[in-house]
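Before any comments, here is the structure.
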There are 2 protein chains.
Amino acid sequence: MIGKAANTREAILQRAVDLASREGLEGLTIGRLASDLKMSKSGLFAHFGSKQDLQLATVEAAAKRFLEAVIMPAQSAPEGAARLRAYCERYLNCLQGGLFPGGCFWAAAAAEFDDRPGPVRDAVKAAVAAWLGELERQAAVAGLDAPADFAFEIYAIGLGANACSRLLDDRGGFERARAAIERRLASVSPPAPAPA
Amino acid sequence: MIGKAANTREAILQRAVDLASREGLEGLTIGRLASDLKMSKSGLFAHFGSKQDLQLATVEAAAKRFLEAVIMPAQSAPEGAARLRAYCERYLNCLQGGLFPGGCFWAAAAAEFDDRPGPVRDAVKAAVAAWLGELERQAAVAGLDAPADFAFEIYAIGLGANACSRLLDDRGGFERARAAIERRLASVSPPAPAPA
DNA sequence: AACAAAATAGCACGATCGTTCGTTCGGTAA
DNA sequence: TTACCGAACGAACGATCGTGCTATTTTGTT
């Protein structure tokens, strides 16, 4: 046993990601988080030292959750169009399945911190840029003629689907997103065959 | 003259829209707003009666600003593809030109309130739905085969361009957005001729 | 110029924010 | 058993939040 602090910290961060996806990284309050976890404010606070450090750790935990739910499971698909399909399908499934209970963490964090310079913004920006970069890389492998344009559109469609379902209560946005993505991929790779 | 309160209220709301586009509708604080305008908190507060009413009035003022900068000027273009082009061009120009100094007010408000039931969320939702509805209507007039899908994509691309420029500091997102939109419109209507 | 009404300021309240401090508890090592 | 150390706690700090009250100033009407 190397210390139970790590476990506690992990539990705090999982809850923090959930809370932040609903209330935002700023609306994520130490008192609220502590009472949710039945801890004292000060006991929780001691794990981080400042609210900004808590926010940074929360962003990191959200990135890990996204990585494990979307990126890693898709690594079994061959690079290129197939992996792009795996990424998009998993991303949309995660939105629908509630990977983040308050809607896409990154959409919320991006909107909240895009105008607040500082380490938190930098961390969010790095995570989103990595996602866009990976999309672009796979698009290049797939042979799309403008990989950066494609990555932009995929990213935008994800934002749209998230907003559609969360704000407008229109779950149909997911299907529209799937169709829009498939429309672009079909030009370089035929759609996956229907299961037997 | 029926009272100068209306003028003061208007000045407050203009500043409130600016502030909310940067800090969010919740980060929009009465004290901050008052000191920005060199007013007392209570003097400002008296115009609204509650923070929620201030937020609702701010949403309304943002809708008016958007209407006057994007919707109304485009009414001179004939309905259909031409008006869609006018909408999109004006929307993107407004993002670039700083109609809202903190990036698209609606993108920020949508992300912030999509999980907070209440009158503010309803107002934001209504405004976004109206924008989407108008896009869909014009897409139908233009003869696109799936107007709702088109409206969704336009909306998503707007969100993407906003995030791209605000979070990623990539102004190129605007050009990508223009290209993506034109790609869809070109199928039913040739691009506008280059000026002589 | 006097007066009523409207608009703004001043002040204080309870609550909550992030943060600090001193203390207590539980487990490990000597 | 005793000494110790990391983890969590409870109380409190100053600041700021939204929100009431009561003056005071400004405005429009006579």
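Order determines the names: the first chain of the structure tokens is A, the second B, and so forth; residues in each chain are numbered 1 upward, and ligands are numbered 1 upward as they are shown.
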For this session: List every residue of chain A that DSSP, applied to the backbone of this structure, places in helix (DSSP H, G or I), and write the result as JSON, numbers by chain.
Result: {"A": [5, 6, 7, 8, 9, 10, 11, 12, 13, 14, 15, 16, 17, 18, 19, 20, 21, 22, 23, 24, 25, 26, 27, 30, 31, 32, 33, 34, 35, 36, 41, 42, 43, 44, 45, 51, 52, 53, 54, 55, 56, 57, 58, 59, 60, 61, 62, 63, 64, 65, 66, 67, 68, 69, 70, 71, 72, 73, 74, 75, 76, 81, 82, 83, 84, 85, 86, 87, 88, 89, 90, 91, 92, 93, 94, 95, 96, 97, 105, 106, 107, 108, 109, 110, 111, 112, 113, 119, 120, 121, 122, 123, 124, 125, 126, 127, 128, 129, 130, 131, 132, 133, 134, 135, 136, 137, 138, 139, 140, 141, 142, 147, 148, 149, 150, 151, 152, 153, 154, 155, 156, 157, 158, 159, 160, 161, 162, 163, 164, 165, 166, 172, 173, 174, 175, 176, 177, 178, 179, 180, 181, 182, 183, 184, 185]}
Emit the selected residues as a CSV table (one decimal), in the first residue's frame, including C-alpha atoms.
chain,number,residue,atom,x,y,z
A,5,ALA,CA,-4.5,9.5,-0.8
A,6,ALA,CA,-4.2,8.4,-4.4
A,7,ASN,CA,-7.5,6.5,-4.2
A,8,THR,CA,-9.3,9.4,-2.6
A,9,ARG,CA,-7.9,11.7,-5.1
A,10,GLU,CA,-9.1,9.5,-7.9
A,11,ALA,CA,-12.6,9.3,-6.5
A,12,ILE,CA,-12.6,13.1,-6.1
A,13,LEU,CA,-11.5,13.6,-9.7
A,14,GLN,CA,-14.1,11.2,-11.2
A,15,ARG,CA,-16.8,13.1,-9.4
A,16,ALA,CA,-15.2,16.4,-10.4
A,17,VAL,CA,-15.3,15.5,-14.1
A,18,ASP,CA,-19.0,14.6,-13.8
A,19,LEU,CA,-19.8,17.8,-11.9
A,20,ALA,CA,-17.8,20.0,-14.3
A,21,SER,CA,-19.5,18.5,-17.3
A,22,ARG,CA,-22.8,19.8,-15.9
A,23,GLU,CA,-21.9,23.0,-14.1
A,24,GLY,CA,-18.7,23.9,-15.8
A,25,LEU,CA,-15.2,24.0,-14.5
A,26,GLU,CA,-15.8,27.3,-12.7
A,27,GLY,CA,-19.2,26.2,-11.4
A,30,ILE,CA,-15.0,22.9,-3.7
A,31,GLY,CA,-17.8,23.0,-1.2
A,32,ARG,CA,-20.3,21.3,-3.5
A,33,LEU,CA,-17.8,18.7,-4.5
A,34,ALA,CA,-16.9,18.0,-0.9
A,35,SER,CA,-20.5,17.6,0.3
A,36,ASP,CA,-21.2,15.4,-2.7
A,41,LYS,CA,-14.0,21.1,2.3
A,42,SER,CA,-10.5,21.4,3.8
A,43,GLY,CA,-9.8,17.6,3.6
A,44,LEU,CA,-10.6,17.7,-0.1
A,45,PHE,CA,-8.8,20.9,-0.7
A,51,LYS,CA,-8.8,25.6,-7.2
A,52,GLN,CA,-6.8,26.0,-10.3
A,53,ASP,CA,-4.9,22.9,-9.6
A,54,LEU,CA,-8.2,21.1,-9.0
A,55,GLN,CA,-9.4,22.3,-12.4
A,56,LEU,CA,-6.2,21.2,-14.1
A,57,ALA,CA,-6.4,17.8,-12.5
A,58,THR,CA,-10.0,17.6,-13.6
A,59,VAL,CA,-9.2,18.4,-17.2
A,60,GLU,CA,-6.5,15.7,-17.0
A,61,ALA,CA,-8.9,13.2,-15.6
A,62,ALA,CA,-11.5,14.0,-18.3
A,63,ALA,CA,-8.8,13.5,-20.9
A,64,LYS,CA,-8.0,10.1,-19.5
A,65,ARG,CA,-11.7,9.1,-19.5
A,66,PHE,CA,-12.0,10.2,-23.1
A,67,LEU,CA,-8.9,8.4,-24.1
A,68,GLU,CA,-10.0,5.1,-22.5
A,69,ALA,CA,-13.6,5.3,-23.9
A,70,VAL,CA,-13.0,6.7,-27.4
A,71,ILE,CA,-9.4,6.6,-28.5
A,72,MET,CA,-8.0,3.4,-27.1
A,73,PRO,CA,-10.8,1.0,-28.1
A,74,ALA,CA,-10.6,2.3,-31.6
A,75,GLN,CA,-6.9,1.3,-31.9
A,76,SER,CA,-7.9,-2.2,-33.0
A,81,ALA,CA,-11.1,5.4,-42.8
A,82,ALA,CA,-11.9,2.5,-40.6
A,83,ARG,CA,-10.3,4.1,-37.6
A,84,LEU,CA,-12.1,7.4,-38.3
A,85,ARG,CA,-15.4,5.5,-38.4
A,86,ALA,CA,-14.4,3.9,-35.1
A,87,TYR,CA,-13.5,7.2,-33.5
A,88,CYS,CA,-16.7,8.9,-34.6
A,89,GLU,CA,-19.0,6.0,-33.7
A,90,ARG,CA,-17.4,5.8,-30.3
A,91,TYR,CA,-17.5,9.5,-29.7
A,92,LEU,CA,-21.2,9.7,-30.6
A,93,ASN,CA,-22.0,6.6,-28.6
A,94,CYS,CA,-20.3,8.2,-25.6
A,95,LEU,CA,-22.3,11.3,-26.0
A,96,GLN,CA,-25.5,9.2,-26.1
A,97,GLY,CA,-24.4,6.9,-23.4
A,105,PHE,CA,-16.9,17.9,-21.2
A,106,TRP,CA,-14.8,19.4,-23.9
A,107,ALA,CA,-17.5,21.4,-25.5
A,108,ALA,CA,-18.4,22.9,-22.2
A,109,ALA,CA,-14.8,23.6,-21.1
A,110,ALA,CA,-13.9,25.1,-24.5
A,111,ALA,CA,-16.8,27.5,-24.4
A,112,GLU,CA,-16.1,28.4,-20.8
A,113,PHE,CA,-12.3,29.0,-21.0
A,119,PRO,CA,-3.0,27.2,-17.5
A,120,VAL,CA,-6.6,25.8,-17.6
A,121,ARG,CA,-7.3,27.2,-21.0
A,122,ASP,CA,-3.9,25.9,-22.2
A,123,ALA,CA,-4.8,22.4,-21.0
A,124,VAL,CA,-8.2,22.4,-22.6
A,125,LYS,CA,-6.7,23.7,-25.8
A,126,ALA,CA,-4.0,21.1,-25.9
A,127,ALA,CA,-6.6,18.3,-25.4
A,128,VAL,CA,-8.8,19.6,-28.1
A,129,ALA,CA,-5.9,20.2,-30.5
A,130,ALA,CA,-4.7,16.6,-29.9
A,131,TRP,CA,-8.1,15.3,-30.8
A,132,LEU,CA,-8.2,17.4,-34.0
A,133,GLY,CA,-4.7,16.4,-34.8
A,134,GLU,CA,-5.5,12.7,-34.5
A,135,LEU,CA,-8.5,13.1,-36.7
A,136,GLU,CA,-6.4,15.0,-39.3
A,137,ARG,CA,-3.7,12.3,-39.2
A,138,GLN,CA,-6.2,9.5,-39.8
A,139,ALA,CA,-7.9,11.5,-42.5
A,140,ALA,CA,-4.5,11.8,-44.3
A,141,VAL,CA,-3.9,8.1,-44.1
A,142,ALA,CA,-7.4,7.5,-45.4
A,147,PRO,CA,-7.4,16.2,-44.0
A,148,ALA,CA,-7.5,19.4,-42.0
A,149,ASP,CA,-10.8,20.4,-43.5
A,150,PHE,CA,-12.2,17.0,-42.7
A,151,ALA,CA,-11.0,17.1,-39.1
A,152,PHE,CA,-12.6,20.5,-38.7
A,153,GLU,CA,-15.9,19.2,-40.0
A,154,ILE,CA,-15.9,16.2,-37.8
A,155,TYR,CA,-15.1,18.3,-34.8
A,156,ALA,CA,-17.8,20.8,-35.7
A,157,ILE,CA,-20.4,18.0,-36.2
A,158,GLY,CA,-19.5,16.6,-32.8
A,159,LEU,CA,-20.1,20.0,-31.2
A,160,GLY,CA,-23.4,20.3,-33.2
A,161,ALA,CA,-24.6,16.9,-32.1
A,162,ASN,CA,-23.8,17.7,-28.5
A,163,ALA,CA,-25.6,21.0,-28.6
A,164,CYS,CA,-28.5,19.5,-30.4
A,165,SER,CA,-29.1,16.8,-27.8
A,166,ARG,CA,-28.3,18.8,-24.8
A,172,GLY,CA,-32.0,13.2,-33.8
A,173,GLY,CA,-28.8,15.2,-34.0
A,174,PHE,CA,-26.9,12.1,-33.4
A,175,GLU,CA,-28.3,10.4,-36.5
A,176,ARG,CA,-27.7,13.6,-38.5
A,177,ALA,CA,-24.1,13.6,-37.3
A,178,ARG,CA,-23.6,10.0,-38.3
A,179,ALA,CA,-25.1,10.7,-41.7
A,180,ALA,CA,-23.0,13.8,-42.2
A,181,ILE,CA,-19.8,11.9,-41.3
A,182,GLU,CA,-20.6,8.9,-43.5
A,183,ARG,CA,-21.4,11.3,-46.4
A,184,ARG,CA,-17.8,12.5,-46.2
A,185,LEU,CA,-16.2,9.1,-45.6
Within 8 Å of chain A, which residues of chain D are there when counting only C-alpha atoms (C1' of nucleotides)? Please give them as a tab-separated table (two decimals) with C-alpha atoms (C1' of nucleotides), in the first residue's frame.
chain	number	residue	atom	x	y	z
D	7	DA	C1'	-5.07	12.15	5.95
D	8	DA	C1'	-9.14	14.21	7.12
D	9	DC	C1'	-11.66	17.42	10.02
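Nearest to chain B of all the residues A:Asp114, A:Pro191, A:Leu144, A:Ala186 is A:Asp114, based on only C-alpha atoms.
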For range 13-21 of chain D: contacts at 10 Å, only C-alpha atoms (C1' of nucleotides), fewer than 3 positions along chain excluded, given as a compact mmCIF listing (two decimals) with C-alpha atoms (C1' of nucleotides), in the first residue's frame:
# COMPACT_ATOMS: atom_id res chain seq x y z
CA THR B 29 -21.91 39.47 -11.95
CA ILE B 30 -24.00 42.39 -10.81
CA GLY B 31 -21.15 43.97 -8.89
CA SER B 42 -28.27 48.55 -6.01
CA PHE B 45 -30.09 45.96 -9.60
CA GLY B 49 -35.23 42.90 -9.64
CA SER B 50 -33.33 39.65 -9.80
CA LYS B 51 -30.27 38.18 -11.39
C1' DC C 11 -25.56 50.34 3.70
C1' DA C 12 -26.30 45.93 5.62
C1' DC C 13 -27.88 41.08 5.57
C1' DG C 14 -27.00 36.05 5.05
C1' DA C 15 -24.83 32.81 2.10
C1' DT C 16 -21.09 30.99 -0.20
C1' DC C 17 -16.69 31.42 -2.36
C1' DG C 18 -11.45 29.90 -2.01
C1' DT C 19 -8.19 29.51 1.49
C1' DT C 20 -5.60 28.93 6.00
C1' DC C 21 -4.89 27.14 10.49
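Across the structure, CA of Ala77 in chain A and CA of Gly98 in chain A are spaced 23.2 Å apart.
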Problem set entry | At most 12 Å to chain B: residues in chain C, only C-alpha atoms (C1' of nucleotides), as a ChimeraX atom specification | /C:5-11
Output N, CA and C atoms (P, O5', C5', C4', C3', O3' and C1' of nucleotides) of each residue in that selection to a file, as a PDB file, in the first residue's frame.
ATOM      1  P    DA C   5     -46.966  61.080  -6.692  1.00  0.00           P
ATOM      2  O5'  DA C   5     -45.838  60.619  -7.727  1.00  0.00           O
ATOM      3  C5'  DA C   5     -45.740  61.267  -8.996  1.00  0.00           C
ATOM      4  C4'  DA C   5     -44.502  60.776  -9.717  1.00  0.00           C
ATOM      5  C3'  DA C   5     -44.167  59.309  -9.473  1.00  0.00           C
ATOM      6  O3'  DA C   5     -43.861  58.708 -10.717  1.00  0.00           O
ATOM      7  C1'  DA C   5     -42.289  60.645  -8.957  1.00  0.00           C
ATOM      8  P    DA C   6     -43.622  57.153 -10.852  1.00  0.00           P
ATOM      9  O5'  DA C   6     -42.190  57.111 -11.553  1.00  0.00           O
ATOM     10  C5'  DA C   6     -41.779  58.212 -12.364  1.00  0.00           C
ATOM     11  C4'  DA C   6     -40.264  58.273 -12.429  1.00  0.00           C
ATOM     12  C3'  DA C   6     -39.552  56.918 -12.482  1.00  0.00           C
ATOM     13  O3'  DA C   6     -38.557  56.977 -13.482  1.00  0.00           O
ATOM     14  C1'  DA C   6     -38.653  58.209 -10.734  1.00  0.00           C
ATOM     15  P    DA C   7     -37.754  55.684 -13.899  1.00  0.00           P
ATOM     16  O5'  DA C   7     -36.298  55.999 -13.325  1.00  0.00           O
ATOM     17  C5'  DA C   7     -35.700  57.266 -13.587  1.00  0.00           C
ATOM     18  C4'  DA C   7     -34.414  57.416 -12.785  1.00  0.00           C
ATOM     19  C3'  DA C   7     -33.491  56.184 -12.785  1.00  0.00           C
ATOM     20  O3'  DA C   7     -32.173  56.626 -13.077  1.00  0.00           O
ATOM     21  C1'  DA C   7     -33.887  56.902 -10.566  1.00  0.00           C
ATOM     22  P    DT C   8     -31.030  55.522 -13.366  1.00  0.00           P
ATOM     23  O5'  DT C   8     -30.154  55.579 -12.037  1.00  0.00           O
ATOM     24  C5'  DT C   8     -29.537  56.804 -11.668  1.00  0.00           C
ATOM     25  C4'  DT C   8     -29.153  56.781 -10.211  1.00  0.00           C
ATOM     26  C3'  DT C   8     -28.150  55.701  -9.808  1.00  0.00           C
ATOM     27  O3'  DT C   8     -26.869  56.304  -9.643  1.00  0.00           O
ATOM     28  C1'  DT C   8     -29.822  56.111  -8.140  1.00  0.00           C
ATOM     29  P    DA C   9     -25.649  55.411  -9.095  1.00  0.00           P
ATOM     30  O5'  DA C   9     -25.691  55.684  -7.527  1.00  0.00           O
ATOM     31  C5'  DA C   9     -25.712  57.022  -7.057  1.00  0.00           C
ATOM     32  C4'  DA C   9     -25.732  57.041  -5.540  1.00  0.00           C
ATOM     33  C3'  DA C   9     -24.685  56.139  -4.891  1.00  0.00           C
ATOM     34  O3'  DA C   9     -23.988  56.873  -3.900  1.00  0.00           O
ATOM     35  C1'  DA C   9     -26.853  55.638  -4.051  1.00  0.00           C
ATOM     36  P    DG C  10     -22.724  56.313  -3.158  1.00  0.00           P
ATOM     37  O5'  DG C  10     -23.235  55.863  -1.711  1.00  0.00           O
ATOM     38  C5'  DG C  10     -24.235  56.632  -1.061  1.00  0.00           C
ATOM     39  C4'  DG C  10     -24.630  55.963   0.258  1.00  0.00           C
ATOM     40  C3'  DG C  10     -23.544  55.065   0.860  1.00  0.00           C
ATOM     41  O3'  DG C  10     -23.485  55.336   2.258  1.00  0.00           O
ATOM     42  C1'  DG C  10     -25.553  53.822   0.558  1.00  0.00           C
ATOM     43  P    DC C  11     -22.328  54.654   3.173  1.00  0.00           P
ATOM     44  O5'  DC C  11     -23.086  53.471   3.912  1.00  0.00           O
ATOM     45  C5'  DC C  11     -24.432  53.665   4.378  1.00  0.00           C
ATOM     46  C4'  DC C  11     -25.062  52.342   4.752  1.00  0.00           C
ATOM     47  C3'  DC C  11     -24.078  51.289   5.300  1.00  0.00           C
ATOM     48  O3'  DC C  11     -24.493  50.922   6.604  1.00  0.00           O
ATOM     49  C1'  DC C  11     -25.561  50.343   3.702  1.00  0.00           C
TER      50       DC C  11
END
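Distances to chain B were evaluated for A:Leu167, A:Ser189, A:Pro117, A:Leu99 using only C-alpha atoms, and the minimum falls at A:Leu167.
Minimum distance to chain A across B:Leu168, B:Ala146, B:Pro78, B:Phe100 (counting only C-alpha atoms) occurs at B:Leu168.
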